[in-house]
Amino acid sequence: MTVYVFDGTMDGLLTAVFDAFALKEQPEQLLAEGDALPLFCDHTYHVTSDEEKARRVWTGLEKKLSREALRLISVSWLSELRELNTPLFLYICKVFRQGDISRNFADADVLAVTNIARCVLHEQLRMKQFIRFQKAKDGTYLAVVSPDHNVLPIIIDHFQDRFNDQPWLIYDAKRHYGYYYDGKTVIRVTFEDEATVPFDLRNGKLNADVLSDNDQLFQDLWRTYFKAICIKERMNPRKQLQDMPRRYWKYMTEKN
């Protein structure tokens with residue numbers, strides 16, 4: 001068995017595809033550094049990421065796949081799942097050997113990549129539904145999230161279009177970065193010391209000294225409305241958990 005080992009980046013994965021064809025090999029697995037090697041491993045090749053090689057592979061994919069298929073590949077990568085590495089690598093290799101196989105769901109690798117991409121897109125939808133903003137005294141709206149997948153890059157356009165007349169910050173507490181919109185442009189932001197930020201990363205609450213004077217009132221009104229529209233006789237906790245998983249609750253005003 002031949003196994004390739006890469007640095008866990010998208011450039012590294014695309015470089016692995018380039019090297020496999022250059023070396024005329026077809027490795028059975030692509031593992032990230034630190035992953036345990038399989039028992040019956042005859043040969044290990046360590047991939048050195050190369051931006052130029054990666055660019056050439058992606059350019060080749062653009063010629064062979066539809067825009068939708070390319071997007072699914074990019075979206076699947078946002079899952080950050082280690083189990084994606086091998087099927088995505090093999091899927092891309094097959095594209096260069098067989099052409100556009102993106103609709104061949106009988107292929108296990110195509111199916112695996114597509115299903116993972118769909119999971120990411122599903123969480124993207126939930127983020128759009130469940131993000132709750134708080135208003136700071138300076139007029140900036142803050143929302144803290146910690147999604148299972150790295151979906152911030154694919155939801156920011158939605159919020160820029162919908163809330164284009166106000167400044168806001170959406171921060172991913174799990175990945176320690178966010179996006180800030182100043183009313184004109186969106187920039188990616190990080191904090192050198194998260195201990196100094198004016199909000200609690202555990203629940204997303206703004207500190208009382210920076211919270212807008214009327215925002216607490218709005219939060220209380222929202223909780224009251226949420227309780228008022230709840231019909232006790234029709235309560236279905238199992239359905240609620242299905243539609244609104246518990247992992248999102250800590251950042252949702254109506255559940256705190």
# chains A, B, ... in the order shown; residues from 1 in each chain; ligands from 1
>>> select_by_dssp(residues="segment 81-113 of chain A", states="helix (DSSP H, G or I)", output="PyMOL selection string")
chain A and resi 82-98+108-113
>>> residues_around(residues="Leu90 of chain A", least_positions_apart="3", cutoff="10 Å", atoms="only C-alpha atoms", output="PyMOL selection string")
chain A and resi 17+26-30+85-87+93-95+108-110
>>> closest_residue(among="A:Arg246, A:Arg67, A:His176, A:Arg234", to="Arg188 of chain A", atoms="only C-alpha atoms")
A:His176
>>> atom_distance(atom1="atom CA of Met235 of chain A", atom2="atom CA of Gly204 of chain A")
27.3 Å
>>> select_by_dssp(residues="segment 4-224 of chain A", states="strand (DSSP E or B)", output="ChimeraX atom specification")
/A:4-6,29-32,43-46,134-136,141-145,168-172,177-181,186-189,199,206,211
>>> residues_around(residues="Arg118 of chain A", least_positions_apart="6", cutoff="10 Å", atoms="only C-alpha atoms", output="compact mmCIF listing (two decimals) with N, CA and C atoms, in the first residue's frame")
# COMPACT_ATOMS: atom_id res chain seq x y z
N LEU A 72 -18.73 22.57 -4.87
CA LEU A 72 -18.91 21.49 -3.90
C LEU A 72 -17.56 21.02 -3.34
N VAL A 75 -16.54 23.74 -0.92
CA VAL A 75 -17.39 23.69 0.27
C VAL A 75 -17.05 22.50 1.14
N SER A 76 -16.81 21.35 0.51
CA SER A 76 -16.48 20.15 1.30
C SER A 76 -15.22 20.38 2.13
N SER A 79 -15.42 21.64 5.67
CA SER A 79 -15.86 20.73 6.74
C SER A 79 -14.78 20.50 7.77
N ALA A 112 -18.99 10.41 -1.12
CA ALA A 112 -18.48 10.87 0.16
C ALA A 112 -18.24 12.38 0.15
N GLN A 124 -24.50 25.86 6.97
CA GLN A 124 -24.52 27.24 6.49
C GLN A 124 -25.93 27.82 6.63
>>> closest_residue(among="A:Ser66, A:Thr2, A:Thr59, A:Ser212", to="Leu31 of chain A", atoms="only C-alpha atoms")
A:Thr2
>>> residues_around(residues="segment 5-8 of chain A", least_positions_apart="3", cutoff="10 Å", atoms="only C-alpha atoms", output="MDAnalysis selection string")
chainID A and resid 11:16 29:35 37 44:49 80 82 85
>>> write_last_selection(atoms="N, CA and C atoms", output="short mmCIF file (atom, residue, chain, number, x, y, z; two decimals), in the first residue's frame")
data_model
loop_
_atom_site.label_atom_id
_atom_site.label_comp_id
_atom_site.auth_asym_id
_atom_site.auth_seq_id
_atom_site.Cartn_x
_atom_site.Cartn_y
_atom_site.Cartn_z
N ASP A 11 -3.75 23.51 -0.54
CA ASP A 11 -2.61 23.52 -1.45
C ASP A 11 -1.85 22.21 -1.37
N GLY A 12 -1.73 21.67 -0.16
CA GLY A 12 -1.03 20.41 0.02
C GLY A 12 -1.75 19.27 -0.66
N LEU A 13 -3.08 19.25 -0.57
CA LEU A 13 -3.85 18.19 -1.21
C LEU A 13 -3.73 18.27 -2.74
N LEU A 14 -3.83 19.47 -3.29
CA LEU A 14 -3.70 19.63 -4.74
C LEU A 14 -2.29 19.29 -5.20
N THR A 15 -1.29 19.62 -4.38
CA THR A 15 0.09 19.26 -4.71
C THR A 15 0.25 17.74 -4.73
N ALA A 16 -0.44 17.06 -3.81
CA ALA A 16 -0.39 15.60 -3.77
C ALA A 16 -0.92 15.01 -5.07
N GLN A 29 -4.20 6.01 -0.04
CA GLN A 29 -4.67 6.94 0.99
C GLN A 29 -3.87 8.23 0.98
N LEU A 30 -4.53 9.32 1.39
CA LEU A 30 -3.86 10.58 1.65
C LEU A 30 -4.13 10.94 3.11
N LEU A 31 -3.08 10.99 3.89
CA LEU A 31 -3.22 11.25 5.32
C LEU A 31 -2.60 12.59 5.68
N ALA A 32 -3.17 13.23 6.68
CA ALA A 32 -2.59 14.47 7.20
C ALA A 32 -1.48 14.12 8.17
N GLU A 33 -0.54 15.04 8.31
CA GLU A 33 0.55 14.81 9.26
C GLU A 33 -0.01 14.56 10.65
N GLY A 34 0.48 13.52 11.29
CA GLY A 34 -0.01 13.17 12.61
C GLY A 34 -0.99 12.02 12.60
N ASP A 35 -1.58 11.72 11.45
CA ASP A 35 -2.49 10.58 11.34
C ASP A 35 -1.70 9.28 11.45
N LEU A 37 -0.48 5.72 10.48
CA LEU A 37 -0.31 5.00 9.22
C LEU A 37 -1.02 3.65 9.30
N THR A 44 5.68 5.25 1.90
CA THR A 44 5.14 6.53 2.35
C THR A 44 5.84 7.67 1.63
N TYR A 45 5.05 8.58 1.10
CA TYR A 45 5.61 9.74 0.40
C TYR A 45 5.11 11.01 1.08
N HIS A 46 6.03 11.86 1.50
CA HIS A 46 5.67 13.10 2.17
C HIS A 46 5.59 14.23 1.14
N VAL A 47 4.41 14.81 1.04
CA VAL A 47 4.14 15.86 0.06
C VAL A 47 4.61 17.20 0.61
N THR A 48 5.33 17.94 -0.22
CA THR A 48 5.73 19.31 0.13
C THR A 48 4.83 20.28 -0.63
N SER A 49 4.02 21.05 0.09
CA SER A 49 3.08 21.96 -0.55
C SER A 49 3.78 22.92 -1.49
N GLU A 80 -13.52 20.60 7.34
CA GLU A 80 -12.35 20.37 8.20
C GLU A 80 -12.30 18.93 8.73
N ARG A 82 -11.08 15.16 8.72
CA ARG A 82 -9.94 14.38 8.24
C ARG A 82 -10.37 13.25 7.31
N ASN A 85 -10.06 13.75 3.43
CA ASN A 85 -8.80 13.85 2.68
C ASN A 85 -8.65 12.79 1.60
#
>>> residues_around(residues="segment 138-153 of chain A", least_positions_apart="3", cutoff="10 Å", atoms="only C-alpha atoms", output="ChimeraX atom specification")
/A:75-81,119-127,130-135,156-157,163,166-182,188,199-206,210-212,247-248,250-252
